[in-house]
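As stored in target.tsv (TSV, C-alpha atoms):
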```
chain	number	residue	atom	x	y	z
G	1	MET	CA	109.20	48.67	103.64
G	2	THR	CA	111.86	46.13	104.52
G	3	LEU	CA	112.91	45.55	108.12
G	4	ALA	CA	116.57	45.13	109.01
G	5	LEU	CA	115.71	41.79	110.62
G	6	ASP	CA	115.90	39.00	108.04
G	7	ALA	CA	112.72	37.26	106.93
G	8	ALA	CA	113.61	33.92	108.54
G	9	ALA	CA	114.04	35.59	111.91
G	10	GLN	CA	110.76	37.50	111.47
G	11	ASP	CA	109.01	34.19	110.83
G	12	LEU	CA	110.73	32.41	113.72
G	13	LEU	CA	109.90	35.08	116.30
G	14	PHE	CA	106.58	36.53	115.12
G	15	ARG	CA	105.01	35.65	111.79
G	16	GLU	CA	105.03	31.86	111.96
G	17	ALA	CA	105.50	31.49	115.71
G	18	ARG	CA	102.32	30.44	117.44
G	19	THR	CA	101.09	29.70	120.94
G	20	ALA	CA	101.33	25.91	121.16
G	21	ASN	CA	98.59	23.93	122.87
G	22	THR	CA	100.13	20.47	122.44
G	23	PHE	CA	103.75	19.36	122.61
G	24	SER	CA	105.92	16.46	121.45
G	25	ASP	CA	107.81	14.27	123.94
G	26	GLU	CA	111.17	15.81	123.08
G	27	PRO	CA	112.70	17.09	126.33
G	28	VAL	CA	113.84	20.67	126.91
G	29	GLY	CA	117.19	20.85	128.66
G	30	ASP	CA	118.45	23.36	131.20
G	31	GLU	CA	121.14	24.38	128.72
G	32	GLN	CA	118.43	25.54	126.31
G	33	ILE	CA	116.82	27.74	128.96
G	34	GLN	CA	120.25	29.05	129.91
G	35	ALA	CA	120.87	30.02	126.27
G	36	VAL	CA	117.49	31.78	126.19
G	37	TYR	CA	118.27	33.67	129.38
G	38	ASP	CA	121.75	34.64	128.19
G	39	LEU	CA	120.11	36.29	125.18
G	40	VAL	CA	117.05	37.98	126.65
G	41	LYS	CA	118.68	39.22	129.84
G	42	TYR	CA	119.83	42.17	127.72
G	43	GLY	CA	116.28	43.41	127.07
G	44	PRO	CA	115.83	46.94	128.42
G	45	THR	CA	113.99	47.86	131.63
G	46	ALA	CA	113.64	51.00	133.73
G	47	PHE	CA	116.66	51.59	136.00
G	48	ASN	CA	118.06	48.29	134.72
G	49	GLN	CA	115.79	46.60	137.23
G	50	GLN	CA	115.46	42.84	136.76
G	51	PRO	CA	112.42	41.69	138.69
G	52	LEU	CA	111.76	38.59	136.57
G	53	ARG	CA	112.15	35.26	138.33
G	54	ILE	CA	111.74	31.91	136.58
G	55	VAL	CA	110.79	28.65	138.25
G	56	LEU	CA	111.36	25.63	136.00
G	57	VAL	CA	108.94	22.89	136.94
G	58	ARG	CA	110.70	19.56	136.30
G	59	SER	CA	109.77	17.13	139.08
G	60	GLU	CA	106.52	15.19	139.17
G	61	GLU	CA	105.83	16.65	142.56
G	62	GLY	CA	106.41	20.22	141.32
G	63	ARG	CA	104.16	19.58	138.34
G	64	ALA	CA	101.35	18.36	140.59
G	65	ARG	CA	101.71	21.39	142.86
G	66	LEU	CA	101.40	23.69	139.86
G	67	VAL	CA	98.61	21.93	137.96
G	68	GLU	CA	96.38	22.10	141.01
G	69	HIS	CA	96.30	25.90	140.68
G	70	MET	CA	95.78	26.06	136.91
G	71	ALA	CA	92.39	26.78	135.39
G	72	ASP	CA	90.62	23.63	134.22
G	73	GLY	CA	91.19	24.48	130.56
G	74	ASN	CA	94.94	24.70	131.15
G	75	LYS	CA	95.48	21.60	133.32
G	76	ALA	CA	95.96	19.07	130.51
G	77	LYS	CA	98.58	21.01	128.60
G	78	THR	CA	100.38	22.07	131.77
G	79	SER	CA	100.50	18.38	132.74
G	80	THR	CA	101.99	17.21	129.44
G	81	ALA	CA	104.34	19.99	128.25
G	82	PRO	CA	108.01	18.87	128.35
G	83	LEU	CA	108.86	21.85	130.53
G	84	VAL	CA	106.79	24.47	132.34
G	85	ALA	CA	108.17	27.80	133.52
G	86	ILE	CA	106.52	29.96	136.14
G	87	LEU	CA	107.37	33.61	135.44
G	88	ALA	CA	107.04	35.91	138.43
G	89	ALA	CA	107.98	39.41	139.49
G	90	ASP	CA	110.13	39.80	142.60
G	91	ASN	CA	108.66	42.81	144.38
G	92	GLU	CA	111.89	43.18	146.35
G	93	PHE	CA	113.98	43.68	143.18
G	94	HIS	CA	115.16	47.04	144.54
G	95	GLU	CA	117.59	45.21	146.83
G	96	GLU	CA	119.68	44.49	143.73
G	97	LEU	CA	119.64	48.02	142.33
G	98	PRO	CA	122.90	49.11	143.97
G	99	SER	CA	124.73	46.27	142.21
G	100	GLN	CA	122.73	46.39	138.94
G	101	LEU	CA	122.71	50.19	138.58
G	102	PRO	CA	126.17	51.02	139.93
G	103	HIS	CA	126.26	54.60	138.61
G	104	PHE	CA	123.08	55.52	140.53
G	105	PRO	CA	122.74	53.30	143.61
G	106	GLN	CA	120.62	55.96	145.31
G	107	ALA	CA	117.72	54.95	143.05
G	108	LYS	CA	116.88	52.19	145.49
G	109	GLU	CA	115.91	54.62	148.23
G	110	MET	CA	114.90	57.58	146.09
G	111	PHE	CA	112.31	55.76	144.00
G	112	PHE	CA	111.52	52.40	145.51
G	113	SER	CA	111.14	52.80	149.24
G	114	GLU	CA	107.36	52.33	149.01
G	115	ARG	CA	106.09	48.81	148.51
G	116	SER	CA	103.20	49.89	146.25
G	117	VAL	CA	105.60	51.71	143.91
G	118	ARG	CA	107.90	48.70	143.82
G	119	GLU	CA	105.03	46.36	143.04
G	120	SER	CA	103.79	48.48	140.12
G	121	SER	CA	107.31	48.75	138.77
G	122	ALA	CA	107.98	45.03	139.19
G	123	THR	CA	104.76	44.17	137.38
G	124	LEU	CA	105.45	46.47	134.43
G	125	ASN	CA	109.13	45.68	134.04
G	126	GLY	CA	108.65	42.02	134.89
G	127	ALA	CA	106.07	41.84	132.09
G	128	LEU	CA	108.56	43.41	129.68
G	129	GLN	CA	111.06	40.75	130.70
G	130	ALA	CA	108.40	38.03	130.39
G	131	ALA	CA	107.80	39.14	126.79
G	132	TYR	CA	111.55	39.05	126.09
G	133	PHE	CA	111.62	35.52	127.54
G	134	ILE	CA	108.75	34.37	125.29
G	135	ILE	CA	110.61	35.78	122.29
G	136	GLY	CA	113.74	34.02	123.54
G	137	VAL	CA	111.98	30.65	123.76
G	138	ARG	CA	111.02	31.11	120.13
G	139	ALA	CA	114.60	32.14	119.31
G	140	ALA	CA	115.66	28.73	120.66
G	141	GLY	CA	113.43	27.03	118.10
G	142	LEU	CA	110.89	26.06	120.73
G	143	ALA	CA	107.21	26.80	120.99
G	144	ALA	CA	105.91	28.77	123.96
G	145	GLY	CA	102.43	28.45	125.40
G	146	PRO	CA	101.98	31.37	127.78
G	147	MET	CA	98.95	31.20	130.09
G	148	THR	CA	97.38	33.52	132.65
G	149	GLY	CA	94.46	31.26	133.55
G	150	TYR	CA	95.26	30.15	137.11
G	151	ASP	CA	94.73	30.96	140.76
G	152	ALA	CA	97.46	33.57	141.11
G	153	ALA	CA	97.26	33.78	144.90
G	154	GLY	CA	97.54	30.00	145.07
G	155	ILE	CA	100.66	29.92	142.88
G	156	ASN	CA	102.24	32.81	144.76
G	157	LYS	CA	101.75	31.04	148.08
G	158	GLU	CA	102.76	27.60	146.77
G	159	PHE	CA	106.00	28.61	145.05
G	160	PHE	CA	107.09	31.86	146.71
G	161	ALA	CA	106.87	31.44	150.43
G	162	ASP	CA	108.35	34.87	151.16
G	163	GLY	CA	105.16	36.63	150.05
G	164	GLU	CA	107.18	39.01	147.88
G	165	HIS	CA	106.61	37.51	144.44
G	166	SER	CA	103.69	37.89	142.01
G	167	VAL	CA	103.17	35.38	139.22
G	168	LEU	CA	102.97	37.04	135.79
G	169	ALA	CA	102.46	34.04	133.49
G	170	VAL	CA	102.98	30.30	133.28
G	171	VAL	CA	104.62	29.16	130.05
G	172	ASN	CA	104.54	25.68	128.54
G	173	ILE	CA	107.71	25.06	126.53
G	174	GLY	CA	108.60	22.39	123.98
G	175	LYS	CA	108.41	21.28	120.39
G	176	PRO	CA	104.84	21.48	119.10
G	177	GLY	CA	102.84	18.25	118.99
G	178	GLU	CA	99.85	17.22	116.89
G	179	ASP	CA	97.19	19.84	116.22
G	180	ALA	CA	99.23	22.29	118.26
G	181	TRP	CA	97.64	25.46	116.95
G	182	PHE	CA	94.27	27.10	117.06
G	183	PRO	CA	93.48	29.18	113.97
G	184	ARG	CA	95.35	32.47	114.30
G	185	GLY	CA	93.14	35.18	115.75
G	186	PRO	CA	92.61	38.52	114.04
G	187	ARG	CA	94.73	41.55	114.86
G	188	LEU	CA	93.73	45.19	115.08
G	189	ALA	CA	94.59	47.28	112.04
G	190	TYR	CA	97.38	49.85	112.27
G	191	ASP	CA	94.91	52.72	112.22
G	192	GLU	CA	93.01	51.25	115.16
G	193	VAL	CA	96.15	51.23	117.30
G	194	VAL	CA	98.31	54.12	116.12
G	195	THR	CA	97.40	57.80	116.10
G	196	THR	CA	99.58	60.84	115.42
G	197	VAL	CA	99.65	64.20	117.15
R	198	MET	CA	124.27	25.78	122.99
R	199	THR	CA	123.26	27.36	119.72
R	200	LEU	CA	119.96	29.18	119.34
R	201	ALA	CA	117.86	28.73	116.21
R	202	LEU	CA	117.94	32.51	115.74
R	203	ASP	CA	120.97	33.53	113.69
R	204	ALA	CA	123.77	35.49	115.36
R	205	ALA	CA	123.14	38.69	113.39
R	206	ALA	CA	119.52	38.75	114.55
R	207	GLN	CA	120.59	38.05	118.15
R	208	ASP	CA	122.93	41.03	117.95
R	209	LEU	CA	120.35	43.30	116.30
R	210	LEU	CA	117.61	42.58	118.82
R	211	PHE	CA	119.47	41.93	122.08
R	212	ARG	CA	123.24	41.59	122.28
R	213	GLU	CA	124.32	44.79	120.51
R	214	ALA	CA	121.05	46.70	120.77
R	215	ARG	CA	121.20	49.40	123.40
R	216	THR	CA	118.92	52.06	124.85
R	217	ALA	CA	119.90	55.20	122.92
R	218	ASN	CA	120.18	58.52	124.71
R	219	THR	CA	121.06	60.65	121.68
R	220	PHE	CA	119.82	60.46	118.10
R	221	SER	CA	120.90	61.57	114.63
R	222	ASP	CA	118.72	63.91	112.55
R	223	GLU	CA	117.60	61.14	110.19
R	224	PRO	CA	113.80	61.12	110.21
R	225	VAL	CA	111.67	58.08	111.05
R	226	GLY	CA	108.78	57.65	108.65
R	227	ASP	CA	105.28	56.37	109.32
R	228	GLU	CA	105.99	53.49	106.92
R	229	GLN	CA	108.75	52.30	109.27
R	230	ILE	CA	106.41	52.26	112.25
R	231	GLN	CA	103.79	50.52	110.14
R	232	ALA	CA	106.34	47.80	109.27
R	233	VAL	CA	107.18	47.44	112.96
R	234	TYR	CA	103.52	47.12	113.89
R	235	ASP	CA	102.83	44.64	111.10
R	236	LEU	CA	105.52	42.40	112.62
R	237	VAL	CA	104.93	42.71	116.35
R	238	LYS	CA	101.14	42.64	116.23
R	239	TYR	CA	101.54	38.86	116.17
R	240	GLY	CA	103.09	38.71	119.63
R	241	PRO	CA	100.97	36.59	121.99
R	242	THR	CA	98.65	37.94	124.69
R	243	ALA	CA	95.97	36.46	126.92
R	244	PHE	CA	92.63	36.04	125.13
R	245	ASN	CA	94.23	37.70	122.09
R	246	GLN	CA	93.56	41.00	123.81
R	247	GLN	CA	95.32	43.96	122.23
R	248	PRO	CA	95.28	46.83	124.72
R	249	LEU	CA	98.38	48.59	123.36
R	250	ARG	CA	97.80	52.01	121.85
R	251	ILE	CA	100.56	54.07	120.26
R	252	VAL	CA	100.58	57.86	119.90
R	253	LEU	CA	103.26	59.08	117.51
R	254	VAL	CA	104.34	62.57	118.50
R	255	ARG	CA	105.27	64.42	115.31
R	256	SER	CA	104.07	68.02	115.57
R	257	GLU	CA	105.93	70.73	117.46
R	258	GLU	CA	102.83	71.34	119.47
R	259	GLY	CA	102.47	67.65	120.38
R	260	ARG	CA	106.12	67.50	121.36
R	261	ALA	CA	105.74	70.48	123.68
R	262	ARG	CA	102.66	68.94	125.29
R	263	LEU	CA	104.60	65.75	125.97
R	264	VAL	CA	107.92	67.21	127.11
R	265	GLU	CA	106.14	69.25	129.77
R	266	HIS	CA	105.22	66.01	131.55
R	267	MET	CA	108.59	64.28	131.24
R	268	ALA	CA	111.03	64.08	134.14
R	269	ASP	CA	113.76	66.70	133.90
R	270	GLY	CA	116.40	64.12	133.02
R	271	ASN	CA	114.30	62.95	130.03
R	272	LYS	CA	113.27	66.35	128.61
R	273	ALA	CA	116.28	66.94	126.37
R	274	LYS	CA	116.23	63.59	124.61
R	275	THR	CA	112.45	63.62	124.28
R	276	SER	CA	112.78	67.07	122.66
R	277	THR	CA	115.38	65.99	120.12
R	278	ALA	CA	114.56	62.39	119.15
R	279	PRO	CA	113.37	62.12	115.51
R	280	LEU	CA	110.19	60.43	116.67
R	281	VAL	CA	108.61	59.84	120.05
R	282	ALA	CA	105.95	57.19	120.69
R	283	ILE	CA	103.67	57.18	123.70
R	284	LEU	CA	102.73	53.59	124.53
R	285	ALA	CA	99.55	53.21	126.55
R	286	ALA	CA	97.11	50.52	127.62
R	287	ASP	CA	93.46	50.97	126.66
R	288	ASN	CA	91.56	49.80	129.72
R	289	GLU	CA	88.45	49.36	127.57
R	290	PHE	CA	90.16	46.77	125.32
R	291	HIS	CA	87.41	44.29	126.17
R	292	GLU	CA	85.07	46.06	123.75
R	293	GLU	CA	87.14	44.52	120.94
R	294	LEU	CA	87.19	40.97	122.31
R	295	PRO	CA	84.10	39.78	120.40
R	296	SER	CA	85.83	40.69	117.12
R	297	GLN	CA	89.37	39.69	118.15
R	298	LEU	CA	88.43	36.42	119.87
R	299	PRO	CA	85.63	35.25	117.59
R	300	HIS	CA	85.54	31.67	118.91
R	301	PHE	CA	84.88	32.84	122.47
R	302	PRO	CA	83.12	36.22	122.40
R	303	GLN	CA	81.64	35.54	125.84
R	304	ALA	CA	85.07	36.26	127.35
R	305	LYS	CA	84.21	39.94	127.31
R	306	GLU	CA	81.46	39.55	129.89
R	307	MET	CA	82.74	36.44	131.67
R	308	PHE	CA	86.15	37.79	132.57
R	309	PHE	CA	86.28	41.52	132.02
R	310	SER	CA	83.10	43.08	133.36
R	311	GLU	CA	84.98	44.60	136.32
R	312	ARG	CA	87.08	47.65	135.66
R	313	SER	CA	89.82	46.67	138.13
R	314	VAL	CA	90.27	43.29	136.41
R	315	ARG	CA	90.40	44.97	133.01
R	316	GLU	CA	92.98	47.46	134.18
R	317	SER	CA	95.29	44.77	135.59
R	318	SER	CA	94.95	42.74	132.41
R	319	ALA	CA	95.52	45.79	130.19
R	320	THR	CA	98.65	46.69	132.15
R	321	LEU	CA	100.15	43.19	131.98
R	322	ASN	CA	99.27	42.44	128.37
R	323	GLY	CA	99.93	46.01	127.25
R	324	ALA	CA	103.41	45.69	128.76
R	325	LEU	CA	103.97	42.44	126.83
R	326	GLN	CA	102.96	44.30	123.67
R	327	ALA	CA	105.19	47.25	124.60
R	328	ALA	CA	108.15	44.86	124.83
R	329	TYR	CA	107.27	43.36	121.44
R	330	PHE	CA	107.16	46.92	120.06
R	331	ILE	CA	110.61	47.76	121.46
R	332	ILE	CA	111.96	44.56	119.87
R	333	GLY	CA	110.21	45.59	116.64
R	334	VAL	CA	111.85	49.02	116.62
R	335	ARG	CA	115.19	47.26	116.84
R	336	ALA	CA	114.10	44.85	114.09
R	337	ALA	CA	113.64	47.92	111.89
R	338	GLY	CA	117.29	48.85	112.44
R	339	LEU	CA	116.36	51.73	114.72
R	340	ALA	CA	117.38	52.45	118.28
R	341	ALA	CA	114.71	52.65	120.97
R	342	GLY	CA	114.98	54.75	124.10
R	343	PRO	CA	112.18	53.60	126.40
R	344	MET	CA	111.47	55.81	129.42
R	345	THR	CA	109.15	55.64	132.40
R	346	GLY	CA	110.30	58.87	134.04
R	347	TYR	CA	107.30	61.18	133.63
R	348	ASP	CA	104.11	62.41	135.28
R	349	ALA	CA	101.88	59.52	134.25
R	350	ALA	CA	98.65	61.19	135.35
R	351	GLY	CA	99.63	64.28	133.38
R	352	ILE	CA	100.27	62.30	130.19
R	353	ASN	CA	97.09	60.29	130.62
R	354	LYS	CA	95.03	63.46	130.92
R	355	GLU	CA	96.85	65.34	128.17
R	356	PHE	CA	96.70	62.64	125.49
R	357	PHE	CA	93.80	60.37	126.46
R	358	ALA	CA	90.83	62.55	127.25
R	359	ASP	CA	88.46	59.60	127.77
R	360	GLY	CA	90.14	58.68	131.07
R	361	GLU	CA	90.39	55.04	129.98
R	362	HIS	CA	94.06	54.85	129.01
R	363	SER	CA	97.18	54.36	131.15
R	364	VAL	CA	100.60	55.28	129.80
R	365	LEU	CA	103.08	52.37	129.99
R	366	ALA	CA	106.23	53.93	128.51
R	367	VAL	CA	107.43	56.74	126.26
R	368	VAL	CA	109.89	55.61	123.61
R	369	ASN	CA	112.36	57.79	121.71
R	370	ILE	CA	113.01	56.32	118.26
R	371	GLY	CA	115.71	57.02	115.67
R	372	LYS	CA	119.22	56.31	114.53
R	373	PRO	CA	121.69	56.71	117.39
R	374	GLY	CA	123.66	59.97	117.58
R	375	GLU	CA	126.99	60.82	119.17
R	376	ASP	CA	127.77	59.23	122.53
R	377	ALA	CA	124.40	57.49	122.38
R	378	TRP	CA	125.13	54.79	124.93
R	379	PHE	CA	125.85	54.62	128.60
R	380	PRO	CA	128.11	51.70	129.57
R	381	ARG	CA	126.00	48.54	129.59
R	382	GLY	CA	124.75	47.74	133.07
R	383	PRO	CA	125.33	44.37	134.71
R	384	ARG	CA	122.79	41.57	134.50
R	385	LEU	CA	121.82	39.02	137.11
R	386	ALA	CA	123.39	35.60	136.66
R	387	TYR	CA	121.24	32.67	135.54
R	388	ASP	CA	121.31	31.11	138.98
R	389	GLU	CA	120.06	34.31	140.59
R	390	VAL	CA	116.97	34.31	138.36
R	391	VAL	CA	116.16	30.67	137.61
R	392	THR	CA	115.34	27.94	140.11
R	393	THR	CA	114.05	24.42	139.52
R	394	VAL	CA	111.44	22.44	141.43
```
How does the structure come out when it is put into structure tokens?
Amino acid sequence: MTLALDAAAQDLLFREARTANTFSDEPVGDEQIQAVYDLVKYGPTAFNQQPLRIVLVRSEEGRARLVEHMADGNKAKTSTAPLVAILAADNEFHEELPSQLPHFPQAKEMFFSERSVRESSATLNGALQAAYFIIGVRAAGLAAGPMTGYDAAGINKEFFADGEHSVLAVVNIGKPGEDAWFPRGPRLAYDEVVTTV
Amino acid sequence: MTLALDAAAQDLLFREARTANTFSDEPVGDEQIQAVYDLVKYGPTAFNQQPLRIVLVRSEEGRARLVEHMADGNKAKTSTAPLVAILAADNEFHEELPSQLPHFPQAKEMFFSERSVRESSATLNGALQAAYFIIGVRAAGLAAGPMTGYDAAGINKEFFADGEHSVLAVVNIGKPGEDAWFPRGPRLAYDEVVTTV
């Protein structure tokens, strides 16, 4: 069975792409992240909601504020990656629905008036958008190193003073360095994941 | 700024890909879904966890069981799509960690002994995998129609009798039919999503 996507693209995005644990010194420019965003912003979400927020950590001071909240095993790579992106869900995304879902602006009040509903929706759809972003980093020819080992409450408080954001992942971004990869882990077989009714 | 991913692949996966609301009669075979899975199974998750489970709804009886729980606005397309996939998170994914994370089998007990922690992790990482799957459907040259408008508790009970699965999305899959697309919704500008510290 041949996919419509060409083999080189399959390799770039999935088959040969790997979570990098070391990075070269080559910098990652804002224009690269803008190109990534301008591609992956089209990924689908429910109600066209767009809860994903991205904080690019560029300054030494910002890096220090972030590293403090990372798990010990993630501090070294978060300190040395050319660029680090904090991916978070904005739990107040519903404020944008009238402009982002112009044919159904009532959705804001009809479905998202309760904070707990908004938070669940922001987490799920923000995670979809986080996955699109990771794919987009790879589409830019860069390696992504997504991490969830950190003090989430600490990051939320440190970087999102409004109390309305929830960190989803922190992603190291750059060209891979020496010994960048662990051996690839196994994957579940098709029959372990897919059933038919 | 040019991405490493070629323009045709950008179009196939993001720029021209759209959420389909109608489908042609052309069937979608199991071998197509297997090819999708064999590509997107490589998408990264935390601890190499693989909570995503996929139920392909093929029988008339299965279709009727599913449609009953869909929101009214989703019933018609869920009834007529060539194939419907229920994407769910297995909240007991940690049972597989010793085999899927062989260099750190202790992760199962160290991090995932509490059900609430497992469920949060399964939701986040299952959503990442759901996004990879949607991208994979597009990579197969098929249109995806992901939906979250349904009675989640009803679907969980109907299709996952063990009480340990949480539906993440239901996805219609096939070749687009007539008038398959709504006008594309707006997207937030880069500066509304990305900040730098």
Exercise: Asn353 in chain R partners within 12 Å, all atoms listed in the file, chain neighbours under 5 positions left out, as a PDB file with C-alpha atoms, in the coordinates of the input:
```pdb
ATOM      1  CA  VAL R 252     100.580  57.860 119.900  1.00  0.00           C
ATOM      2  CA  ARG R 262     102.660  68.940 125.290  1.00  0.00           C
ATOM      3  CA  LEU R 263     104.600  65.750 125.970  1.00  0.00           C
ATOM      4  CA  HIS R 266     105.220  66.010 131.550  1.00  0.00           C
ATOM      5  CA  ILE R 283     103.670  57.180 123.700  1.00  0.00           C
ATOM      6  CA  LEU R 284     102.730  53.590 124.530  1.00  0.00           C
ATOM      7  CA  ALA R 285      99.550  53.210 126.550  1.00  0.00           C
ATOM      8  CA  ALA R 286      97.110  50.520 127.620  1.00  0.00           C
ATOM      9  CA  ASP R 287      93.460  50.970 126.660  1.00  0.00           C
ATOM     10  CA  ASN R 288      91.560  49.800 129.720  1.00  0.00           C
ATOM     11  CA  TYR R 347     107.300  61.180 133.630  1.00  0.00           C
ATOM     12  CA  ASP R 348     104.110  62.410 135.280  1.00  0.00           C
ATOM     13  CA  ALA R 358      90.830  62.550 127.250  1.00  0.00           C
ATOM     14  CA  ASP R 359      88.460  59.600 127.770  1.00  0.00           C
ATOM     15  CA  GLY R 360      90.140  58.680 131.070  1.00  0.00           C
ATOM     16  CA  GLU R 361      90.390  55.040 129.980  1.00  0.00           C
ATOM     17  CA  HIS R 362      94.060  54.850 129.010  1.00  0.00           C
ATOM     18  CA  SER R 363      97.180  54.360 131.150  1.00  0.00           C
ATOM     19  CA  VAL R 364     100.600  55.280 129.800  1.00  0.00           C
ATOM     20  CA  LEU R 365     103.080  52.370 129.990  1.00  0.00           C
ATOM     21  CA  ALA R 366     106.230  53.930 128.510  1.00  0.00           C
ATOM     22  CA  VAL R 367     107.430  56.740 126.260  1.00  0.00           C
TER      23      VAL R 367
END
```
As a PDB file with C-alpha atoms, in the frame of the given file, could you give me every residue of chain G near chain R (at most 7 Å apart, counting only C-alpha atoms)?
```pdb
ATOM      1  CA  MET G   1     109.200  48.670 103.640  1.00  0.00           C
ATOM      2  CA  LEU G   3     112.910  45.550 108.120  1.00  0.00           C
ATOM      3  CA  ALA G   4     116.570  45.130 109.010  1.00  0.00           C
ATOM      4  CA  LEU G   5     115.710  41.790 110.620  1.00  0.00           C
ATOM      5  CA  ALA G   9     114.040  35.590 111.910  1.00  0.00           C
ATOM      6  CA  PHE G  14     106.580  36.530 115.120  1.00  0.00           C
ATOM      7  CA  ARG G  15     105.010  35.650 111.790  1.00  0.00           C
ATOM      8  CA  THR G  19     101.090  29.700 120.940  1.00  0.00           C
ATOM      9  CA  GLU G  31     121.140  24.380 128.720  1.00  0.00           C
ATOM     10  CA  GLN G  32     118.430  25.540 126.310  1.00  0.00           C
ATOM     11  CA  GLN G  34     120.250  29.050 129.910  1.00  0.00           C
ATOM     12  CA  ALA G  35     120.870  30.020 126.270  1.00  0.00           C
ATOM     13  CA  TYR G  37     118.270  33.670 129.380  1.00  0.00           C
ATOM     14  CA  LEU G  39     120.110  36.290 125.180  1.00  0.00           C
ATOM     15  CA  VAL G  40     117.050  37.980 126.650  1.00  0.00           C
ATOM     16  CA  LYS G  41     118.680  39.220 129.840  1.00  0.00           C
ATOM     17  CA  TYR G  42     119.830  42.170 127.720  1.00  0.00           C
ATOM     18  CA  GLY G  43     116.280  43.410 127.070  1.00  0.00           C
ATOM     19  CA  PRO G  44     115.830  46.940 128.420  1.00  0.00           C
ATOM     20  CA  ALA G  46     113.640  51.000 133.730  1.00  0.00           C
ATOM     21  CA  ASN G  48     118.060  48.290 134.720  1.00  0.00           C
ATOM     22  CA  LEU G  52     111.760  38.590 136.570  1.00  0.00           C
ATOM     23  CA  ARG G  53     112.150  35.260 138.330  1.00  0.00           C
ATOM     24  CA  ILE G  54     111.740  31.910 136.580  1.00  0.00           C
ATOM     25  CA  VAL G  55     110.790  28.650 138.250  1.00  0.00           C
ATOM     26  CA  LEU G  56     111.360  25.630 136.000  1.00  0.00           C
ATOM     27  CA  VAL G  57     108.940  22.890 136.940  1.00  0.00           C
ATOM     28  CA  ARG G  58     110.700  19.560 136.300  1.00  0.00           C
ATOM     29  CA  SER G  59     109.770  17.130 139.080  1.00  0.00           C
ATOM     30  CA  GLY G  62     106.410  20.220 141.320  1.00  0.00           C
ATOM     31  CA  GLN G 100     122.730  46.390 138.940  1.00  0.00           C
ATOM     32  CA  LEU G 101     122.710  50.190 138.580  1.00  0.00           C
ATOM     33  CA  LEU G 124     105.450  46.470 134.430  1.00  0.00           C
ATOM     34  CA  ALA G 127     106.070  41.840 132.090  1.00  0.00           C
ATOM     35  CA  LEU G 128     108.560  43.410 129.680  1.00  0.00           C
ATOM     36  CA  ALA G 131     107.800  39.140 126.790  1.00  0.00           C
ATOM     37  CA  TYR G 132     111.550  39.050 126.090  1.00  0.00           C
ATOM     38  CA  ALA G 139     114.600  32.140 119.310  1.00  0.00           C
ATOM     39  CA  ALA G 140     115.660  28.730 120.660  1.00  0.00           C
ATOM     40  CA  GLY G 141     113.430  27.030 118.100  1.00  0.00           C
ATOM     41  CA  MET G 147      98.950  31.200 130.090  1.00  0.00           C
ATOM     42  CA  THR G 148      97.380  33.520 132.650  1.00  0.00           C
ATOM     43  CA  GLY G 185      93.140  35.180 115.750  1.00  0.00           C
ATOM     44  CA  PRO G 186      92.610  38.520 114.040  1.00  0.00           C
ATOM     45  CA  ARG G 187      94.730  41.550 114.860  1.00  0.00           C
ATOM     46  CA  TYR G 190      97.380  49.850 112.270  1.00  0.00           C
ATOM     47  CA  VAL G 193      96.150  51.230 117.300  1.00  0.00           C
ATOM     48  CA  VAL G 194      98.310  54.120 116.120  1.00  0.00           C
ATOM     49  CA  THR G 195      97.400  57.800 116.100  1.00  0.00           C
ATOM     50  CA  THR G 196      99.580  60.840 115.420  1.00  0.00           C
ATOM     51  CA  VAL G 197      99.650  64.200 117.150  1.00  0.00           C
TER      52      VAL G 197
END
```
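Minimum atom-to-atom distance to Glu289 in chain R, evaluated using all atoms listed in the file, belongs to R:Glu311 out of R:Asp376, R:Glu265, R:Glu355, R:Glu311.
What separates CA of Asp222 in chain R from CA of Pro279 in chain R is a distance of 6.4 Å.
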What is the CA of Pro302 in chain R to CA of Phe182 in chain G distance in Å? 15.4 Å
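Pairwise distance (CA of Ser221 in chain R, CA of Gly371 in chain R) equals 7.0 Å.
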